[in-house]
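Presented below is the structure to which this report refers.
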There are 2 protein chains.
Amino acid sequence: MQDLRASEIREILKLTQDPEVISFAGGLPAQELFPVQQMIEAGIKVLETEKGKALQYSTTEGYYKLRTAIAERMNNQGATNVTAEKILITSGSQQGLDLTGKVFLDEGDVILCESPTYLGAINAFKAYRPRFREVPTDEEGMIIPELERMLAEIENVKVIYVIPDFQNPSGRTWSMARRRAFMELVNRVQVPVVEDAPYTELRFEGEAMPSLKSMDTDGLVIYLGTFSKILFPGVRIGWLVADQPFYEKFVLVKQGADLHTSTLSQRQIWTFMQEYSIEENVARMLPVYRSRRDVMLETMERVFPEGASYSRPHGGLFFWVILPKECNSRELLRRSIERKVAFVPGGSFFPNGGNENTMRLNFSAMPEEKIKVGIERLAIVIKEFLAECCPQARSGV
Amino acid sequence: MQDLRASEIREILKLTQDPEVISFAGGLPAQELFPVQQMIEAGIKVLETEKGKALQYSTTEGYYKLRTAIAERMNNQGATNVTAEKILITSGSQQGLDLTGKVFLDEGDVILCESPTYLGAINAFKAYRPRFREVPTDEEGMIIPELERMLAEIENVKVIYVIPDFQNPSGRTWSMARRRAFMELVNRVQVPVVEDAPYTELRFEGEAMPSLKSMDTDGLVIYLGTFSKILFPGVRIGWLVADQPFYEKFVLVKQGADLHTSTLSQRQIWTFMQEYSIEENVARMLPVYRSRRDVMLETMERVFPEGASYSRPHGGLFFWVILPKECNSRELLRRSIERKVAFVPGGSFFPNGGNENTMRLNFSAMPEEKIKVGIERLAIVIKEFLAECCPQARSGV
């Protein structure tokens, strides 16, 4: 059933390849900002310096210099005690999710996640046939008493999966108090946690929050990082931070999954970090993303009908829109495509279904003018749809 | 137990990082032959032409132009009816093995494989907890009446895994008659086959054999190809050929596993195929590999004691050595390391254990002089060992 829904959406989204369709469906970073010239130079430098070695098999754990540079960077950002020995280079952080499933989940095991949660994680974990139990969340993150109750009542909970910063799809960031309470509970029950942190550095306002990993005293948190959003995603380089005994298990399953991540790409990224600056790259991206978010927010405020409410994310890539309960956003998507605008129906982000009245909008991948036009088109479709499926909502209920 | 053995070997093989150790343990292609300058130029061309697009997310199936080029190449080599639509780009053919496990195997299912078989495949499949049943083999490949009997007697056989050309570790190539009989049986019982073909093009003598995929009339064969041995392995680009309905399943599990394979690397390989020639690259490698095989064979003939027998591979990367039954090659490895020479104990290639009197020697990664010295060192250790563990063998029994 889930699979059918997923492939149905894929089919619909294929229609977005029509260049006239304005698509808020993807989660793409802005490719016009990628440091292309610097990557050309990094590529030349790596191959001229290392020659065939840069094209040879290499260790499963990853390029030691890159692991060291990542550890240093994380410690500079406030995570303590990260060392190269705890870092495993992955083929994107998506692979970190797959390996997590392989290490922790057997058929029938339970994984706890936020409700909603990242669609790609649901797909990665589903291959291992766990049961998903969704922990209720509010604007500050997982609701701790609910999580505590679920941990007490549900058997076979093997891992908790969370995205504390600018969550995909909700855009939500966990508060400091919630992080502390979460880690206190986790330490008490000693259950492993996967902290997925692709968007952390894409903060447009407010102060950076410490990672759960930085508050992890018992080696229970597996942290997933990636260069996809701070540099570019196309070379598929991410990393995983884990303490023993988990680390060794991750290395073994990674070896079975693809032996190791690209020798050349790892060295190119490391060279980029030496010769240039990820910080400068992020600083160049942030104002562009912030403006795009602002334009999308302003346009929604101007043209969306009252029945549609939406998040106000302080970073990341996404808005989360909630329509009246009666409105099915899958049906809305069909109509939107006809009007040349697309999004992802939010129901896909709930592993156990439901919540079909939600939608995810991406704001990072498109120039401001297109965002404006797209949101205006979408508003028209939503208004017509609300008038049909729930006339009372349209009049402001 | 298996895991313990595997990590024990890993620990021992770490000692081979000692530059004085001559290691026949790996399976590395000769990196001094990699086309480094051409890859620099391909990298520049891709990024100057495609700019940010070459660093962006891309489709799970892979770069269409690369898929087309691979299909054309396979059809030129005798595989019929391969089209881009049947090709999924993978992160090395190791990932093809992992995805195969995910698509076909649940806990307790049976996978049939050659005895011995590729260690990396055992590790990839093991994550899905199948039972391995080893099909007896001879110099021509799997013994078909044995396979037929096993297919009739064993329940829950989900897939057959084979390496028909220059098998890792045995170096064996299936005969034409055996291929025909195998496909006839497979078509009769309608069981899926994974044909792993990394070494096919590394043929030093004799005529190329048709792939099983080229003889597959019912869409039962999943073919795994890779650029690792015909170009270089470090960028982790392989491919998988499958017909429907398998193809669609592979795409779904690949998406969950790592979204897609490196956008940049796929385009670099495609550009290499346009601007240069894989055929020329292979033609440049073959004489070097052939000479190394010859030197290893000649040296073994000259210095190995009678109790040690070995294969005479017509291609690929490996020799397979069989010692008298009483000799445990794990113990032999410990002693060899002291004498600064290493190999992989053959027992690791039997998923259900046993056969500890075997060993795998790689000949591709080392200059001829070092091969000679290494085999001479190894011969001394083997002679001493045979004298201890089975004195009768030493005297020629």
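Simple scheme: letters A, B, ... for chains in structure tokens order, numbers from 1 for residues in each chain, numbers from 1 for ligands in the order shown.
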Per residue of chain A within 6 Å of chain B, note the shortest atom pair and the distance in Å to one decimal, counting only C-alpha atoms, and order the rows by chain and increasing residue number, as JSON lines.
```
{"residue": "A:Gln31", "atom": "CA", "partner": "B:Gly52", "partner_atom": "CA", "distance": 4.9}
{"residue": "A:Glu32", "atom": "CA", "partner": "B:Gly52", "partner_atom": "CA", "distance": 5.9}
{"residue": "A:Phe34", "atom": "CA", "partner": "B:Gly52", "partner_atom": "CA", "distance": 5.6}
{"residue": "A:Val36", "atom": "CA", "partner": "B:Lys51", "partner_atom": "CA", "distance": 5.9}
{"residue": "A:Ile40", "atom": "CA", "partner": "B:Ile44", "partner_atom": "CA", "distance": 5.7}
{"residue": "A:Ile44", "atom": "CA", "partner": "B:Ile40", "partner_atom": "CA", "distance": 5.7}
{"residue": "A:Lys51", "atom": "CA", "partner": "B:Val36", "partner_atom": "CA", "distance": 6.0}
{"residue": "A:Gly52", "atom": "CA", "partner": "B:Gln31", "partner_atom": "CA", "distance": 4.9}
{"residue": "A:Leu55", "atom": "CA", "partner": "B:Gly234", "partner_atom": "CA", "distance": 4.1}
{"residue": "A:Gln56", "atom": "CA", "partner": "B:Gly234", "partner_atom": "CA", "distance": 4.4}
{"residue": "A:Tyr57", "atom": "CA", "partner": "B:Gly234", "partner_atom": "CA", "distance": 4.9}
{"residue": "A:Gln94", "atom": "CA", "partner": "B:Asp258", "partner_atom": "CA", "distance": 5.0}
{"residue": "A:Gln95", "atom": "CA", "partner": "B:Asp258", "partner_atom": "CA", "distance": 4.8}
{"residue": "A:Asp98", "atom": "CA", "partner": "B:Ala257", "partner_atom": "CA", "distance": 5.3}
{"residue": "A:Asn123", "atom": "CA", "partner": "B:Gly256", "partner_atom": "CA", "distance": 5.3}
{"residue": "A:Ala124", "atom": "CA", "partner": "B:Gly256", "partner_atom": "CA", "distance": 4.2}
{"residue": "A:Phe232", "atom": "CA", "partner": "B:Leu55", "partner_atom": "CA", "distance": 6.0}
{"residue": "A:Pro233", "atom": "CA", "partner": "B:Gln56", "partner_atom": "CA", "distance": 5.6}
{"residue": "A:Gly234", "atom": "CA", "partner": "B:Leu55", "partner_atom": "CA", "distance": 4.1}
{"residue": "A:Val235", "atom": "CA", "partner": "B:Ser262", "partner_atom": "CA", "distance": 4.5}
{"residue": "A:Arg236", "atom": "CA", "partner": "B:Ser262", "partner_atom": "CA", "distance": 5.7}
{"residue": "A:Gly256", "atom": "CA", "partner": "B:Ala124", "partner_atom": "CA", "distance": 4.2}
{"residue": "A:Ala257", "atom": "CA", "partner": "B:Asp98", "partner_atom": "CA", "distance": 5.3}
{"residue": "A:Asp258", "atom": "CA", "partner": "B:Gln95", "partner_atom": "CA", "distance": 4.8}
{"residue": "A:Ser262", "atom": "CA", "partner": "B:Val235", "partner_atom": "CA", "distance": 4.5}
{"residue": "A:Thr263", "atom": "CA", "partner": "B:Gly234", "partner_atom": "CA", "distance": 5.0}
```
field: Contacts of Pro116 of chain A at 10 Å (only C-alpha atoms; same-chain gap of 6+ positions) as an MDAnalysis selection string
entry: chainID A and resid 134:137 167:170 346:353 355
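Proximity of B:Met359, B:Leu378, B:Leu105, B:Leu202 to Thr299 of chain B, computed with only C-alpha atoms, is greatest for B:Leu378.
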message: So that I can see what lies close to segment 65-68 of chain A, please list as a ChimeraX atom specification the residues with an atom at most 9 Å from it, counting only C-alpha atoms and leaving out residues fewer than 3 positions away in the same chain.
response: /A:61-62,71-73,83-89,239,266-267,269-271,273
- prompt: atom CA of Val110 of chain B and atom CA of Arg133 of chain B, how far apart in Å?
  reply: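 Pair atom CA of Arg133 of chain B / atom CA of Val110 of chain B returns 6.9 Å.
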task: Tell me, in Å to one decimal, how far atom CA of Leu185 of chain B is from atom CA of Ala242 of chain B.
output: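 Spanning atom CA of Leu185 of chain B to atom CA of Ala242 of chain B is a straight-line distance of 19.2 Å.
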task: Run DSSP on the backbone and grab whatever in segment 188-365 of chain A lands in strand (DSSP E or B); send it over as an MDAnalysis selection string.
output: chainID A and resid 193:196 203 221:226 238:241 309:310 315 318:322 341:342 344:345 358:362
As a short mmCIF file (atom, residue, chain, number, x, y, z; two decimals) with N, CA, C and O atoms, in the first residue's frame, which residues of segment 14-124 of chain A does DSSP assign to helix (DSSP H, G or I)?
```cif
data_model
loop_
_atom_site.label_atom_id
_atom_site.label_comp_id
_atom_site.auth_asym_id
_atom_site.auth_seq_id
_atom_site.Cartn_x
_atom_site.Cartn_y
_atom_site.Cartn_z
N LYS A 14 6.97 12.87 -12.03
CA LYS A 14 7.66 12.82 -13.31
C LYS A 14 7.14 13.90 -14.25
O LYS A 14 7.86 14.41 -15.10
N LEU A 15 5.86 14.23 -14.08
CA LEU A 15 5.26 15.27 -14.90
C LEU A 15 5.93 16.61 -14.66
O LEU A 15 5.84 17.52 -15.47
N THR A 16 6.60 16.75 -13.51
CA THR A 16 7.24 18.03 -13.23
C THR A 16 8.47 18.24 -14.09
O THR A 16 9.10 19.28 -14.02
N GLN A 17 8.85 17.22 -14.89
CA GLN A 17 9.96 17.44 -15.80
C GLN A 17 9.58 18.39 -16.93
O GLN A 17 10.44 18.92 -17.63
N GLN A 31 21.73 24.95 -7.40
CA GLN A 31 22.96 24.51 -8.07
C GLN A 31 23.76 25.64 -8.68
O GLN A 31 24.96 25.49 -8.93
N GLU A 32 23.12 26.80 -8.90
CA GLU A 32 23.87 27.93 -9.44
C GLU A 32 24.88 28.46 -8.41
O GLU A 32 25.77 29.24 -8.76
N LEU A 33 24.75 28.00 -7.15
CA LEU A 33 25.68 28.45 -6.11
C LEU A 33 26.83 27.46 -5.86
O LEU A 33 27.72 27.73 -5.07
N VAL A 36 31.82 25.40 -8.63
CA VAL A 36 32.26 24.56 -9.75
C VAL A 36 33.74 24.73 -10.05
O VAL A 36 34.48 23.74 -10.17
N GLN A 37 34.19 25.98 -10.18
CA GLN A 37 35.60 26.21 -10.54
C GLN A 37 36.54 25.65 -9.49
O GLN A 37 37.57 25.07 -9.81
N GLN A 38 36.15 25.80 -8.23
CA GLN A 38 37.00 25.28 -7.15
C GLN A 38 37.07 23.76 -7.19
O GLN A 38 38.11 23.17 -6.89
N MET A 39 35.98 23.12 -7.60
CA MET A 39 35.99 21.66 -7.70
C MET A 39 36.85 21.19 -8.88
O MET A 39 37.49 20.15 -8.81
N ILE A 40 36.84 21.96 -9.95
CA ILE A 40 37.75 21.63 -11.07
C ILE A 40 39.18 21.63 -10.56
O ILE A 40 39.95 20.69 -10.77
N GLU A 41 39.51 22.70 -9.82
CA GLU A 41 40.89 22.82 -9.34
C GLU A 41 41.22 21.74 -8.31
O GLU A 41 42.33 21.19 -8.33
N ALA A 42 40.28 21.43 -7.46
CA ALA A 42 40.52 20.36 -6.47
C ALA A 42 40.74 19.03 -7.17
O ALA A 42 41.60 18.23 -6.78
N GLY A 43 39.97 18.78 -8.24
CA GLY A 43 40.11 17.53 -8.99
C GLY A 43 41.48 17.41 -9.62
O GLY A 43 42.13 16.35 -9.56
N ILE A 44 41.94 18.50 -10.23
CA ILE A 44 43.28 18.48 -10.85
C ILE A 44 44.34 18.24 -9.79
O ILE A 44 45.21 17.38 -9.94
N LYS A 45 44.23 18.96 -8.69
CA LYS A 45 45.25 18.86 -7.65
C LYS A 45 45.35 17.43 -7.09
O LYS A 45 46.44 16.88 -6.93
N VAL A 46 44.19 16.83 -6.78
CA VAL A 46 44.18 15.47 -6.22
C VAL A 46 44.84 14.49 -7.18
O VAL A 46 45.72 13.70 -6.79
N LEU A 47 44.45 14.54 -8.45
CA LEU A 47 44.96 13.55 -9.40
C LEU A 47 46.44 13.80 -9.74
O LEU A 47 47.20 12.85 -9.91
N GLU A 48 46.83 15.07 -9.82
CA GLU A 48 48.25 15.34 -10.09
C GLU A 48 49.13 14.95 -8.92
O GLU A 48 50.25 14.49 -9.10
N THR A 49 48.60 15.11 -7.71
CA THR A 49 49.40 14.79 -6.53
C THR A 49 49.41 13.29 -6.24
O THR A 49 50.46 12.70 -6.01
N GLU A 50 48.23 12.70 -6.25
CA GLU A 50 48.14 11.31 -5.80
C GLU A 50 48.13 10.30 -6.94
O GLU A 50 48.25 9.09 -6.70
N LYS A 51 47.89 10.78 -8.13
CA LYS A 51 47.87 9.90 -9.31
C LYS A 51 46.96 8.68 -9.10
O LYS A 51 45.85 8.82 -8.57
N GLY A 52 47.42 7.51 -9.52
CA GLY A 52 46.57 6.31 -9.49
C GLY A 52 45.97 5.99 -8.12
O GLY A 52 44.90 5.40 -8.03
N LYS A 53 46.67 6.40 -7.08
CA LYS A 53 46.17 6.12 -5.73
C LYS A 53 44.79 6.72 -5.51
O LYS A 53 43.98 6.16 -4.75
N ALA A 54 44.52 7.85 -6.15
CA ALA A 54 43.22 8.51 -5.98
C ALA A 54 42.10 7.77 -6.72
O ALA A 54 40.93 8.09 -6.56
N LEU A 55 42.46 6.78 -7.55
CA LEU A 55 41.46 6.01 -8.30
C LEU A 55 41.45 4.55 -7.87
O LEU A 55 40.77 3.72 -8.48
N TYR A 64 41.47 9.07 5.86
CA TYR A 64 41.75 9.49 7.24
C TYR A 64 41.84 11.01 7.38
O TYR A 64 41.34 11.58 8.35
N LYS A 65 42.43 11.67 6.40
CA LYS A 65 42.55 13.13 6.47
C LYS A 65 41.18 13.80 6.44
O LYS A 65 40.94 14.79 7.12
N LEU A 66 40.28 13.25 5.65
CA LEU A 66 38.93 13.81 5.61
C LEU A 66 38.21 13.56 6.93
O LEU A 66 37.54 14.46 7.47
N ARG A 67 38.37 12.37 7.49
CA ARG A 67 37.74 12.06 8.77
C ARG A 67 38.27 13.00 9.86
O ARG A 67 37.50 13.48 10.70
N THR A 68 39.56 13.29 9.80
CA THR A 68 40.15 14.21 10.78
C THR A 68 39.59 15.62 10.61
O THR A 68 39.23 16.28 11.60
N ALA A 69 39.49 16.06 9.37
CA ALA A 69 38.98 17.42 9.11
C ALA A 69 37.53 17.55 9.55
O ALA A 69 37.12 18.59 10.10
N ILE A 70 36.74 16.51 9.33
CA ILE A 70 35.33 16.55 9.76
C ILE A 70 35.25 16.60 11.28
O ILE A 70 34.46 17.37 11.85
N ALA A 71 36.06 15.80 11.95
CA ALA A 71 36.05 15.78 13.42
C ALA A 71 36.41 17.16 13.97
O ALA A 71 35.74 17.69 14.86
N GLU A 72 37.45 17.76 13.39
CA GLU A 72 37.87 19.11 13.84
C GLU A 72 36.74 20.12 13.67
O GLU A 72 36.44 20.92 14.54
N ARG A 73 36.12 20.05 12.51
CA ARG A 73 35.05 20.99 12.20
C ARG A 73 33.88 20.82 13.18
O ARG A 73 33.32 21.78 13.68
N MET A 74 33.52 19.58 13.46
CA MET A 74 32.41 19.33 14.40
C MET A 74 32.77 19.82 15.79
O MET A 74 31.94 20.41 16.49
N ASN A 75 34.01 19.61 16.20
CA ASN A 75 34.40 20.07 17.54
C ASN A 75 34.43 21.60 17.61
O ASN A 75 34.04 22.18 18.61
N ASN A 76 34.84 22.24 16.51
CA ASN A 76 34.79 23.71 16.48
C ASN A 76 33.36 24.23 16.59
O ASN A 76 33.12 25.32 17.06
N ALA A 84 38.56 11.35 14.61
CA ALA A 84 38.54 10.67 13.31
C ALA A 84 38.13 9.21 13.46
O ALA A 84 37.44 8.66 12.60
N GLU A 85 38.53 8.60 14.57
CA GLU A 85 38.25 7.17 14.79
C GLU A 85 36.76 6.89 14.95
O GLU A 85 36.34 5.74 14.86
N LYS A 86 35.97 7.90 15.23
CA LYS A 86 34.53 7.70 15.38
C LYS A 86 33.78 7.98 14.08
O LYS A 86 32.56 7.88 14.04
N GLY A 92 26.71 9.55 0.98
CA GLY A 92 25.59 10.40 1.34
C GLY A 92 25.03 9.98 2.69
O GLY A 92 25.25 8.86 3.13
N SER A 93 24.29 10.89 3.35
CA SER A 93 23.75 10.47 4.65
C SER A 93 22.58 9.52 4.46
O SER A 93 22.18 8.81 5.37
N GLN A 94 22.05 9.45 3.23
CA GLN A 94 21.04 8.41 2.95
C GLN A 94 21.62 7.03 3.25
O GLN A 94 20.94 6.17 3.80
N GLN A 95 22.88 6.83 2.91
CA GLN A 95 23.47 5.53 3.23
C GLN A 95 23.58 5.32 4.74
O GLN A 95 23.42 4.20 5.22
N GLY A 96 23.81 6.41 5.48
CA GLY A 96 23.82 6.30 6.94
C GLY A 96 22.50 5.74 7.45
O GLY A 96 22.47 4.94 8.39
N LEU A 97 21.41 6.15 6.82
CA LEU A 97 20.09 5.65 7.22
C LEU A 97 19.97 4.16 6.90
O LEU A 97 19.50 3.37 7.72
N ASP A 98 20.39 3.78 5.71
CA ASP A 98 20.32 2.36 5.32
C ASP A 98 21.16 1.51 6.26
O ASP A 98 20.71 0.45 6.73
N LEU A 99 22.37 1.97 6.56
CA LEU A 99 23.24 1.18 7.44
C LEU A 99 22.64 1.09 8.84
O LEU A 99 22.75 0.06 9.52
N THR A 100 22.00 2.16 9.28
CA THR A 100 21.32 2.14 10.57
C THR A 100 20.26 1.05 10.61
O THR A 100 20.17 0.29 11.58
N GLY A 101 19.49 0.97 9.54
CA GLY A 101 18.48 -0.09 9.46
C GLY A 101 19.14 -1.46 9.55
O GLY A 101 18.68 -2.35 10.28
N LYS A 102 20.25 -1.61 8.85
CA LYS A 102 20.92 -2.91 8.81
C LYS A 102 21.51 -3.28 10.17
O LYS A 102 21.49 -4.44 10.57
N VAL A 103 22.03 -2.30 10.89
CA VAL A 103 22.65 -2.57 12.18
C VAL A 103 21.59 -2.83 13.26
O VAL A 103 21.75 -3.73 14.09
N PHE A 104 20.51 -2.07 13.23
CA PHE A 104 19.59 -2.10 14.38
C PHE A 104 18.29 -2.87 14.17
O PHE A 104 17.67 -3.31 15.14
N LEU A 119 10.80 11.23 4.47
CA LEU A 119 10.35 10.16 3.57
C LEU A 119 11.48 9.21 3.17
O LEU A 119 11.30 7.99 3.14
N GLY A 120 12.65 9.76 2.92
CA GLY A 120 13.79 8.93 2.52
C GLY A 120 14.23 7.99 3.64
O GLY A 120 14.72 6.88 3.38
N ALA A 121 14.05 8.43 4.88
CA ALA A 121 14.37 7.56 6.01
C ALA A 121 13.35 6.44 6.12
O ALA A 121 13.70 5.28 6.37
N ILE A 122 12.10 6.77 5.93
CA ILE A 122 11.05 5.74 5.95
C ILE A 122 11.39 4.66 4.91
O ILE A 122 11.37 3.47 5.20
N ASN A 123 11.73 5.10 3.70
CA ASN A 123 12.06 4.15 2.63
C ASN A 123 13.29 3.31 2.98
O ASN A 123 13.32 2.12 2.71
N ALA A 124 14.32 3.96 3.54
CA ALA A 124 15.54 3.21 3.89
C ALA A 124 15.23 2.16 4.95
O ALA A 124 15.63 1.00 4.83
#
```
